[in-house]
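Source file: entry13.pdb. Holds: PDB, C-alpha atoms.
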```
MODEL        1
ATOM      1  CA  MET A   1     -31.771 130.090-127.204  1.00  0.00           C
ATOM      2  CA  ARG A   2     -35.469 129.268-126.874  1.00  0.00           C
ATOM      3  CA  SER A   3     -36.791 127.025-124.169  1.00  0.00           C
ATOM      4  CA  LEU A   4     -40.210 125.879-123.020  1.00  0.00           C
ATOM      5  CA  PHE A   5     -40.225 127.232-119.470  1.00  0.00           C
ATOM      6  CA  LEU A   6     -36.636 126.071-119.261  1.00  0.00           C
ATOM      7  CA  LEU A   7     -34.267 126.780-116.427  1.00  0.00           C
ATOM      8  CA  VAL A   8     -31.693 124.079-116.859  1.00  0.00           C
ATOM      9  CA  VAL A   9     -28.715 123.054-114.852  1.00  0.00           C
ATOM     10  CA  THR A  10     -26.923 120.403-116.946  1.00  0.00           C
ATOM     11  CA  ALA A  11     -23.931 118.210-116.397  1.00  0.00           C
ATOM     12  CA  CYS A  12     -20.830 118.723-118.488  1.00  0.00           C
ATOM     13  CA  ALA A  13     -22.353 118.632-121.934  1.00  0.00           C
ATOM     14  CA  VAL A  14     -20.000 121.120-123.575  1.00  0.00           C
ATOM     15  CA  GLU A  15     -16.240 121.262-123.450  1.00  0.00           C
ATOM     16  CA  PRO A  16     -14.535 124.556-122.625  1.00  0.00           C
ATOM     17  CA  THR A  17     -13.430 126.440-125.699  1.00  0.00           C
ATOM     18  CA  GLY A  18     -10.113 127.923-126.685  1.00  0.00           C
ATOM     19  CA  GLY A  19      -8.048 124.888-125.723  1.00  0.00           C
ATOM     20  CA  THR A  20      -8.812 125.267-122.020  1.00  0.00           C
ATOM     21  CA  ALA A  21      -9.405 121.604-121.197  1.00  0.00           C
ATOM     22  CA  PRO A  22     -10.685 121.172-117.625  1.00  0.00           C
ATOM     23  CA  LEU A  23      -8.728 119.511-114.859  1.00  0.00           C
ATOM     24  CA  PHE A  24     -10.297 117.206-112.282  1.00  0.00           C
ATOM     25  CA  ALA A  25     -10.579 118.295-108.682  1.00  0.00           C
ATOM     26  CA  PRO A  26      -8.437 116.420-106.120  1.00  0.00           C
ATOM     27  CA  ALA A  27     -10.105 113.356-104.615  1.00  0.00           C
ATOM     28  CA  ARG A  28     -10.401 115.079-101.227  1.00  0.00           C
ATOM     29  CA  ASP A  29     -12.658 117.728-102.824  1.00  0.00           C
ATOM     30  CA  GLN A  30     -14.833 115.234-104.727  1.00  0.00           C
ATOM     31  CA  GLN A  31     -17.561 114.896-102.125  1.00  0.00           C
ATOM     32  CA  THR A  32     -20.580 116.914-103.254  1.00  0.00           C
ATOM     33  CA  PRO A  33     -21.989 116.750-106.804  1.00  0.00           C
ATOM     34  CA  GLN A  34     -21.525 119.968-108.721  1.00  0.00           C
ATOM     35  CA  ALA A  35     -24.176 121.378-111.058  1.00  0.00           C
ATOM     36  CA  ARG A  36     -24.372 122.981-114.465  1.00  0.00           C
ATOM     37  CA  VAL A  37     -26.923 125.791-114.705  1.00  0.00           C
ATOM     38  CA  THR A  38     -28.480 127.277-117.839  1.00  0.00           C
ATOM     39  CA  TYR A  39     -30.929 130.184-118.017  1.00  0.00           C
ATOM     40  CA  ALA A  40     -33.237 130.371-121.021  1.00  0.00           C
ATOM     41  CA  ASP A  41     -33.203 133.627-122.993  1.00  0.00           C
ATOM     42  CA  SER A  42     -36.898 133.340-123.850  1.00  0.00           C
ATOM     43  CA  VAL A  43     -39.803 131.611-122.166  1.00  0.00           C
ATOM     44  CA  ASN A  44     -43.085 130.233-123.474  1.00  0.00           C
ATOM     45  CA  VAL A  45     -45.830 131.806-121.337  1.00  0.00           C
ATOM     46  CA  GLY A  46     -48.530 130.270-123.520  1.00  0.00           C
ATOM     47  CA  THR A  47     -49.230 126.591-124.003  1.00  0.00           C
ATOM     48  CA  GLU A  48     -47.574 123.822-125.972  1.00  0.00           C
ATOM     49  CA  ASN A  49     -50.320 124.056-128.602  1.00  0.00           C
ATOM     50  CA  THR A  50     -50.507 127.870-128.571  1.00  0.00           C
ATOM     51  CA  PRO A  51     -47.021 129.094-127.671  1.00  0.00           C
ATOM     52  CA  GLU A  52     -46.302 132.683-126.712  1.00  0.00           C
ATOM     53  CA  TRP A  53     -42.595 133.362-126.461  1.00  0.00           C
ATOM     54  CA  VAL A  54     -41.420 136.340-124.409  1.00  0.00           C
ATOM     55  CA  PRO A  55     -37.955 137.518-123.324  1.00  0.00           C
ATOM     56  CA  ALA A  56     -36.897 135.981-120.020  1.00  0.00           C
ATOM     57  CA  GLY A  57     -36.786 138.207-116.952  1.00  0.00           C
ATOM     58  CA  TYR A  58     -33.810 136.259-115.546  1.00  0.00           C
ATOM     59  CA  ARG A  59     -30.973 135.559-117.969  1.00  0.00           C
ATOM     60  CA  GLY A  60     -27.341 134.520-117.942  1.00  0.00           C
ATOM     61  CA  ASP A  61     -24.399 136.831-118.583  1.00  0.00           C
ATOM     62  CA  GLY A  62     -23.691 135.598-122.125  1.00  0.00           C
ATOM     63  CA  ARG A  63     -20.735 133.387-121.220  1.00  0.00           C
ATOM     64  CA  LEU A  64     -19.999 129.661-121.105  1.00  0.00           C
ATOM     65  CA  ARG A  65     -18.757 127.744-118.093  1.00  0.00           C
ATOM     66  CA  ASP A  66     -15.102 128.662-118.706  1.00  0.00           C
ATOM     67  CA  GLY A  67     -16.016 132.336-119.172  1.00  0.00           C
ATOM     68  CA  SER A  68     -15.700 132.351-122.975  1.00  0.00           C
ATOM     69  CA  PRO A  69     -18.479 134.024-125.022  1.00  0.00           C
ATOM     70  CA  GLY A  70     -21.713 132.123-125.536  1.00  0.00           C
ATOM     71  CA  GLY A  71     -23.215 131.421-128.947  1.00  0.00           C
ATOM     72  CA  VAL A  72     -26.544 131.020-130.678  1.00  0.00           C
ATOM     73  CA  ASP A  73     -27.207 127.481-129.463  1.00  0.00           C
ATOM     74  CA  LEU A  74     -25.998 128.086-125.902  1.00  0.00           C
ATOM     75  CA  SER A  75     -25.814 131.719-124.859  1.00  0.00           C
ATOM     76  CA  SER A  76     -24.749 131.182-121.255  1.00  0.00           C
ATOM     77  CA  GLU A  77     -24.052 128.495-118.676  1.00  0.00           C
ATOM     78  CA  TYR A  78     -22.525 128.166-115.231  1.00  0.00           C
ATOM     79  CA  GLN A  79     -20.855 125.185-113.593  1.00  0.00           C
ATOM     80  CA  GLY A  80     -19.660 124.593-110.070  1.00  0.00           C
ATOM     81  CA  SER A  81     -15.848 124.795-109.697  1.00  0.00           C
ATOM     82  CA  PHE A  82     -15.531 126.766-112.963  1.00  0.00           C
ATOM     83  CA  CYS A  83     -14.448 130.433-112.912  1.00  0.00           C
ATOM     84  CA  GLY A  84     -15.268 130.814-109.216  1.00  0.00           C
ATOM     85  CA  VAL A  85     -18.867 129.593-109.488  1.00  0.00           C
ATOM     86  CA  ASN A  86     -20.367 127.693-106.567  1.00  0.00           C
ATOM     87  CA  ALA A  87     -23.131 125.397-107.854  1.00  0.00           C
ATOM     88  CA  ASN A  88     -23.718 122.161-105.981  1.00  0.00           C
ATOM     89  CA  ILE A  89     -26.452 119.716-105.021  1.00  0.00           C
ATOM     90  CA  GLY A  90     -26.376 118.374-101.471  1.00  0.00           C
ATOM     91  CA  THR A  91     -26.346 114.607-101.045  1.00  0.00           C
ATOM     92  CA  GLY A  92     -28.483 114.416 -97.892  1.00  0.00           C
ATOM     93  CA  LEU A  93     -25.601 112.525 -96.232  1.00  0.00           C
ATOM     94  CA  ASN A  94     -23.041 113.482 -93.580  1.00  0.00           C
ATOM     95  CA  GLY A  95     -25.046 116.459 -92.405  1.00  0.00           C
ATOM     96  CA  GLN A  96     -25.785 117.828 -95.861  1.00  0.00           C
ATOM     97  CA  THR A  97     -29.265 118.823 -96.994  1.00  0.00           C
ATOM     98  CA  THR A  98     -30.478 118.058-100.526  1.00  0.00           C
ATOM     99  CA  GLN A  99     -30.742 121.693-101.571  1.00  0.00           C
ATOM    100  CA  PHE A 100     -29.304 123.131-104.752  1.00  0.00           C
ATOM    101  CA  THR A 101     -26.984 126.042-103.982  1.00  0.00           C
ATOM    102  CA  PHE A 102     -25.960 128.569-106.624  1.00  0.00           C
ATOM    103  CA  ASP A 103     -23.648 131.555-106.267  1.00  0.00           C
ATOM    104  CA  PRO A 104     -22.079 132.788-109.528  1.00  0.00           C
ATOM    105  CA  ASP A 105     -19.025 134.434-107.932  1.00  0.00           C
ATOM    106  CA  GLN A 106     -18.588 132.958-104.449  1.00  0.00           C
ATOM    107  CA  ASN A 107     -15.093 131.590-105.159  1.00  0.00           C
ATOM    108  CA  TRP A 108     -14.018 134.189-107.708  1.00  0.00           C
ATOM    109  CA  SER A 109     -10.695 136.009-107.355  1.00  0.00           C
ATOM    110  CA  ALA A 110      -8.686 138.432-109.460  1.00  0.00           C
ATOM    111  CA  THR A 111      -6.041 135.736-110.006  1.00  0.00           C
ATOM    112  CA  LEU A 112      -8.344 133.631-112.209  1.00  0.00           C
ATOM    113  CA  PRO A 113      -7.639 133.454-115.970  1.00  0.00           C
ATOM    114  CA  ALA A 114      -8.680 136.305-118.235  1.00  0.00           C
ATOM    115  CA  SER A 115     -11.731 134.388-119.515  1.00  0.00           C
ATOM    116  CA  CYS A 116     -13.125 134.367-115.956  1.00  0.00           C
ATOM    117  CA  HIS A 117     -13.088 138.198-115.803  1.00  0.00           C
ATOM    118  CA  PRO A 118     -15.284 139.899-114.795  1.00  0.00           C
ATOM    119  CA  ALA A 119     -16.861 137.775-112.092  1.00  0.00           C
ATOM    120  CA  ARG A 120     -19.933 135.857-113.196  1.00  0.00           C
ATOM    121  CA  SER A 121     -23.417 137.261-112.588  1.00  0.00           C
ATOM    122  CA  ILE A 122     -27.002 136.902-113.762  1.00  0.00           C
ATOM    123  CA  ALA A 123     -29.113 139.621-115.394  1.00  0.00           C
ATOM    124  CA  ILE A 124     -32.539 140.487-113.943  1.00  0.00           C
ATOM    125  CA  TYR A 125     -34.832 142.665-116.060  1.00  0.00           C
ATOM    126  CA  LEU A 126     -36.758 144.195-113.181  1.00  0.00           C
ATOM    127  CA  ASN A 127     -38.130 147.043-115.315  1.00  0.00           C
ATOM    128  CA  GLY A 128     -38.907 144.969-118.375  1.00  0.00           C
ATOM    129  CA  PRO A 129     -36.947 143.509-121.284  1.00  0.00           C
ATOM    130  CA  THR A 130     -36.473 146.865-123.066  1.00  0.00           C
ATOM    131  CA  GLN A 131     -34.749 148.460-120.054  1.00  0.00           C
ATOM    132  CA  PRO A 132     -31.198 147.798-118.830  1.00  0.00           C
ATOM    133  CA  PRO A 133     -31.027 144.862-116.401  1.00  0.00           C
ATOM    134  CA  GLY A 134     -29.697 144.781-112.894  1.00  0.00           C
ATOM    135  CA  TYR A 135     -26.882 142.322-112.284  1.00  0.00           C
ATOM    136  CA  SER A 136     -26.982 139.939-109.367  1.00  0.00           C
ATOM    137  CA  ARG A 137     -24.328 137.782-107.726  1.00  0.00           C
ATOM    138  CA  GLN A 138     -26.599 136.810-104.861  1.00  0.00           C
ATOM    139  CA  HIS A 139     -26.275 133.455-103.092  1.00  0.00           C
ATOM    140  CA  ARG A 140     -29.360 131.414-104.049  1.00  0.00           C
ATOM    141  CA  TYR A 141     -30.888 128.326-102.444  1.00  0.00           C
ATOM    142  CA  PHE A 142     -33.385 125.888-103.928  1.00  0.00           C
ATOM    143  CA  PRO A 143     -34.455 123.660-100.996  1.00  0.00           C
ATOM    144  CA  SER A 144     -34.861 119.878-101.344  1.00  0.00           C
ATOM    145  CA  LEU A 145     -34.235 119.845-105.100  1.00  0.00           C
ATOM    146  CA  GLY A 146     -32.075 116.749-104.783  1.00  0.00           C
ATOM    147  CA  SER A 147     -34.881 114.849-103.016  1.00  0.00           C
ATOM    148  CA  MET A 148     -37.226 114.955-106.014  1.00  0.00           C
ATOM    149  CA  ALA A 149     -37.825 111.599-107.685  1.00  0.00           C
ATOM    150  CA  ALA A 150     -37.853 111.200-111.457  1.00  0.00           C
ATOM    151  CA  GLY A 151     -41.188 112.417-112.807  1.00  0.00           C
ATOM    152  CA  ASP A 152     -42.005 114.606-109.794  1.00  0.00           C
ATOM    153  CA  THR A 153     -43.571 118.014-110.471  1.00  0.00           C
ATOM    154  CA  LEU A 154     -44.227 120.524-107.701  1.00  0.00           C
ATOM    155  CA  ILE A 155     -45.637 124.038-107.519  1.00  0.00           C
ATOM    156  CA  LYS A 156     -43.483 125.561-104.813  1.00  0.00           C
ATOM    157  CA  ALA A 157     -42.676 129.122-103.758  1.00  0.00           C
ATOM    158  CA  TRP A 158     -39.177 130.464-104.230  1.00  0.00           C
ATOM    159  CA  ASN A 159     -37.875 133.717-102.769  1.00  0.00           C
ATOM    160  CA  ASP A 160     -34.887 135.607-104.203  1.00  0.00           C
ATOM    161  CA  GLY A 161     -33.048 137.872-101.754  1.00  0.00           C
ATOM    162  CA  THR A 162     -32.035 140.617-104.181  1.00  0.00           C
ATOM    163  CA  ALA A 163     -32.626 143.681-101.975  1.00  0.00           C
ATOM    164  CA  ALA A 164     -28.943 144.582-101.592  1.00  0.00           C
ATOM    165  CA  GLU A 165     -28.461 144.613-105.372  1.00  0.00           C
ATOM    166  CA  LEU A 166     -31.847 145.650-106.782  1.00  0.00           C
ATOM    167  CA  GLY A 167     -33.454 147.450-103.841  1.00  0.00           C
ATOM    168  CA  VAL A 168     -36.191 144.841-103.453  1.00  0.00           C
ATOM    169  CA  ASN A 169     -36.492 141.138-102.703  1.00  0.00           C
ATOM    170  CA  LEU A 170     -38.414 139.065-105.250  1.00  0.00           C
ATOM    171  CA  TRP A 171     -40.866 136.490-103.899  1.00  0.00           C
ATOM    172  CA  PHE A 172     -42.310 134.089-106.455  1.00  0.00           C
ATOM    173  CA  ASP A 173     -45.057 132.990-104.103  1.00  0.00           C
ATOM    174  CA  GLY A 174     -48.711 132.353-104.896  1.00  0.00           C
ATOM    175  CA  ALA A 175     -49.613 133.283-101.313  1.00  0.00           C
ATOM    176  CA  TYR A 176     -49.176 136.922-102.398  1.00  0.00           C
ATOM    177  CA  PRO A 177     -51.374 137.323-105.495  1.00  0.00           C
ATOM    178  CA  PRO A 178     -51.022 138.268-108.242  1.00  0.00           C
ATOM    179  CA  ALA A 179     -47.572 136.714-107.742  1.00  0.00           C
ATOM    180  CA  SER A 180     -47.343 132.989-108.490  1.00  0.00           C
ATOM    181  CA  SER A 181     -45.132 130.098-107.428  1.00  0.00           C
ATOM    182  CA  PRO A 182     -42.758 128.380-109.878  1.00  0.00           C
ATOM    183  CA  ARG A 183     -43.036 124.845-111.204  1.00  0.00           C
ATOM    184  CA  TRP A 184     -40.241 122.481-110.118  1.00  0.00           C
ATOM    185  CA  ILE A 185     -39.769 119.457-112.392  1.00  0.00           C
ATOM    186  CA  ARG A 186     -37.510 116.435-112.000  1.00  0.00           C
ATOM    187  CA  LEU A 187     -36.686 115.576-115.593  1.00  0.00           C
ATOM    188  CA  PRO A 188     -35.519 112.177-116.896  1.00  0.00           C
ATOM    189  CA  ASN A 189     -31.828 111.432-116.478  1.00  0.00           C
ATOM    190  CA  VAL A 190     -29.489 112.459-119.299  1.00  0.00           C
ATOM    191  CA  LEU A 191     -26.023 111.287-120.342  1.00  0.00           C
ATOM    192  CA  ASP A 192     -23.172 113.649-119.564  1.00  0.00           C
ATOM    193  CA  GLU A 193     -19.993 114.169-121.586  1.00  0.00           C
ATOM    194  CA  PHE A 194     -18.433 111.124-119.906  1.00  0.00           C
ATOM    195  CA  GLY A 195     -21.382 108.835-120.705  1.00  0.00           C
ATOM    196  CA  ARG A 196     -22.731 108.827-117.136  1.00  0.00           C
ATOM    197  CA  SER A 197     -26.451 108.901-116.358  1.00  0.00           C
ATOM    198  CA  VAL A 198     -27.014 112.103-114.366  1.00  0.00           C
ATOM    199  CA  ARG A 199     -30.035 113.822-112.846  1.00  0.00           C
ATOM    200  CA  GLN A 200     -31.625 116.919-114.318  1.00  0.00           C
ATOM    201  CA  TRP A 201     -34.231 119.420-113.129  1.00  0.00           C
ATOM    202  CA  ARG A 202     -36.115 122.408-114.494  1.00  0.00           C
ATOM    203  CA  ILE A 203     -37.500 125.323-112.494  1.00  0.00           C
ATOM    204  CA  GLU A 204     -39.857 127.575-114.421  1.00  0.00           C
ATOM    205  CA  THR A 205     -42.279 130.332-113.619  1.00  0.00           C
ATOM    206  CA  SER A 206     -45.984 129.573-113.961  1.00  0.00           C
ATOM    207  CA  GLY A 207     -49.335 131.307-113.627  1.00  0.00           C
ATOM    208  CA  SER A 208     -48.831 135.076-113.755  1.00  0.00           C
ATOM    209  CA  HIS A 209     -45.006 134.740-113.952  1.00  0.00           C
ATOM    210  CA  ARG A 210     -44.868 137.561-111.403  1.00  0.00           C
ATOM    211  CA  ALA A 211     -42.909 138.075-108.209  1.00  0.00           C
ATOM    212  CA  MET A 212     -44.076 140.173-105.267  1.00  0.00           C
ATOM    213  CA  GLY A 213     -41.619 142.809-104.064  1.00  0.00           C
ATOM    214  CA  PHE A 214     -40.605 142.571-100.398  1.00  0.00           C
ATOM    215  CA  VAL A 215     -38.610 145.104 -98.355  1.00  0.00           C
ATOM    216  CA  LYS A 216     -37.642 145.446 -94.719  1.00  0.00           C
ATOM    217  CA  GLY A 217     -40.431 146.907 -92.634  1.00  0.00           C
ATOM    218  CA  PRO A 218     -40.073 149.933 -90.340  1.00  0.00           C
ATOM    219  CA  GLY A 219     -38.330 149.474 -87.027  1.00  0.00           C
ATOM    220  CA  LYS A 220     -35.102 147.777 -86.036  1.00  0.00           C
ATOM    221  CA  LYS A 221     -36.695 144.378 -85.455  1.00  0.00           C
ATOM    222  CA  ALA A 222     -39.144 144.456 -88.329  1.00  0.00           C
ATOM    223  CA  GLY A 223     -39.211 141.626 -90.820  1.00  0.00           C
ATOM    224  CA  LEU A 224     -39.866 141.753 -94.539  1.00  0.00           C
ATOM    225  CA  VAL A 225     -43.163 143.162 -95.747  1.00  0.00           C
ATOM    226  CA  PRO A 226     -44.778 143.075 -99.219  1.00  0.00           C
ATOM    227  CA  THR A 227     -44.686 146.309-101.184  1.00  0.00           C
ATOM    228  CA  GLY A 228     -47.842 145.514-103.149  1.00  0.00           C
ATOM    229  CA  ILE A 229     -45.830 145.889-106.371  1.00  0.00           C
ATOM    230  CA  THR A 230     -45.285 142.825-108.539  1.00  0.00           C
ATOM    231  CA  TYR A 231     -42.739 142.287-111.297  1.00  0.00           C
ATOM    232  CA  TYR A 232     -43.253 140.306-114.490  1.00  0.00           C
ATOM    233  CA  LEU A 233     -40.154 138.089-114.560  1.00  0.00           C
ATOM    234  CA  PRO A 234     -40.724 134.850-116.482  1.00  0.00           C
ATOM    235  CA  PHE A 235     -37.733 132.553-116.205  1.00  0.00           C
ATOM    236  CA  ALA A 236     -36.697 128.999-116.921  1.00  0.00           C
ATOM    237  CA  LEU A 237     -33.683 127.386-115.297  1.00  0.00           C
ATOM    238  CA  THR A 238     -32.232 123.992-116.094  1.00  0.00           C
ATOM    239  CA  ILE A 239     -29.981 122.280-113.561  1.00  0.00           C
ATOM    240  CA  THR A 240     -27.868 119.261-114.425  1.00  0.00           C
ATOM    241  CA  GLU A 241     -25.960 117.143-111.931  1.00  0.00           C
ATOM    242  CA  VAL A 242     -22.173 116.894-112.362  1.00  0.00           C
ATOM    243  CA  PRO A 243     -21.243 113.960-110.108  1.00  0.00           C
ATOM    244  CA  PRO A 244     -17.754 113.109-108.825  1.00  0.00           C
ATOM    245  CA  PRO A 245     -15.260 112.885-110.304  1.00  0.00           C
ATOM    246  CA  PHE A 246     -15.993 116.308-111.756  1.00  0.00           C
ATOM    247  CA  PRO A 247     -13.814 118.665-113.803  1.00  0.00           C
ATOM    248  CA  THR A 248     -12.701 122.103-112.652  1.00  0.00           C
ATOM    249  CA  PHE A 249     -11.470 125.260-114.357  1.00  0.00           C
ATOM    250  CA  PRO A 250      -8.911 126.593-113.920  1.00  0.00           C
TER     251      PRO A 250
ENDMDL
END
```

Translate the structure of the given file into structure tokens.
Amino acid sequence: MRSLFLLVVTACAVEPTGGTAPLFAPARDQQTPQARVTYADSVNVGTENTPEWVPAGYRGDGRLRDGSPGGVDLSSEYQGSFCGVNANIGTGLNGQTTQFTFDPDQNWSATLPASCHPARSIAIYLNGPTQPPGYSRQHRYFPSLGSMAAGDTLIKAWNDGTAAELGVNLWFDGAYPPASSPRWIRLPNVLDEFGRSVRQWRIETSGSHRAMGFVKGPGKKAGLVPTGITYYLPFALTITEVPPPFPTFP
């Protein structure tokens, strides 16, 4: 799948395969909109007029929302309340923030159907696209995503706490050159599989497409310090709102 700086979280555009039709969550659980998340396999680091496609540094695990294998048109996707994935967008009401929260295996258990095994993860090509990736199931936060108005575009830092899995945290933050901050875009609404108008966002790397490595400093009370090493990790993520009532699987 090719995408122009595309990190997409989309709402319910594809039905589960293999006859595994989704159920709807009980009304008591239908409070916070879920999200569908799609990582692009390749990213345009050039321009619209002079494209330069490169393999993405962050990619999905090659499975659809119900855990079945991805295909050519859609290689991977994640959706909140499917196969143990936590992906939701806070409403800003009743004590909630408006952040987008994504954890590919937070609610996973060994009792889930075979298609949900193994637990979901994302692939991070820390050492380049020709080397084996590291796999991450880290809890990720994208602050204030739900507060963006249609047409908004921001350049805003985003820090990925991957130290426990990859040995280093990844800070996409222009305050630490040559690292650069991603572009956050509130896209036009789209229609979901039920004909509802839902919100959609894209988060994509920009500038150098590099993240600065951060590790814990010396001493018991030390904070994180930059290593001085940056990593070329272009990515594009699309996020699509899945409002209540939303389906679940299983």

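Within the file as shown, the PyMOL selection byres ((chain A and resi 77) around 8) identifies Arg36, Val37, Thr38, Tyr39, Gly60, Gly62, Arg63, Leu64, Arg65, Leu74, Ser75, Ser76, Tyr78 and Gln79 of chain A.
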
Put those residues in a file: C-alpha atoms, as a compact mmCIF listing (two decimals), in the frame of the given file.
```
# COMPACT_ATOMS: atom_id res chain seq x y z
CA ARG A 36 -24.37 122.98 -114.46
CA VAL A 37 -26.92 125.79 -114.70
CA THR A 38 -28.48 127.28 -117.84
CA TYR A 39 -30.93 130.18 -118.02
CA GLY A 60 -27.34 134.52 -117.94
CA GLY A 62 -23.69 135.60 -122.12
CA ARG A 63 -20.74 133.39 -121.22
CA LEU A 64 -20.00 129.66 -121.10
CA ARG A 65 -18.76 127.74 -118.09
CA LEU A 74 -26.00 128.09 -125.90
CA SER A 75 -25.81 131.72 -124.86
CA SER A 76 -24.75 131.18 -121.26
CA TYR A 78 -22.52 128.17 -115.23
CA GLN A 79 -20.86 125.18 -113.59
```

Wanna dump the stretch 76-132 of chain A-stretch 203-211 of chain A contacts at 12 Å for me, each residue with its shortest atom pair and the distance in Å to one decimal, counting all atoms listed in the file, ordered by chain and number, as CSV?
```
residue,atom,partner,partner_atom,distance
A:Phe100,CA,A:Ile203,CA,11.5
A:Leu126,CA,A:Ala211,CA,10.0
A:Gly128,CA,A:Arg210,CA,11.8
```

Shortest interatomic distance to A:Arg140 - which of A:Ala56, A:Val85, A:Cys116, A:Ile185, counting all atoms listed in the file: A:Val85

Neighbours of stretch 150-155 of chain A within 9 Å (all atoms listed in the file; same-chain residues fewer than 5 positions away dropped), as JSON, numbers by chain? {"A": [181, 182, 183, 184, 185, 186, 187, 188, 189, 199, 200, 206]}

Let me know the residues the PyMOL selection byres ((chain A and resi 157) around 8) catches in the file above, as an MDAnalysis selection string. chainID A and resid 155:156 158:159 171:174 180:182

Using the file's own x, y and z axes, so that the box edges lie along x, y and z, what centre and edge lengths in Å (one decimal) does a box around every listed atom of stretch 31-43 of chain A get when 6 Å is added on each side? Give it as JSON.
```
{"center_x": -28.7, "center_y": 124.3, "center_z": -113.0, "size_x": 34.2, "size_y": 30.7, "size_z": 33.7}
```

Residue with smallest distance to A:Asn107 - pool A:Thr240, A:Gln34, A:Ser68, A:Asn86, counting only C-alpha atoms: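 Using only C-alpha atoms, A:Asn107 sits closest to A:Asn86.
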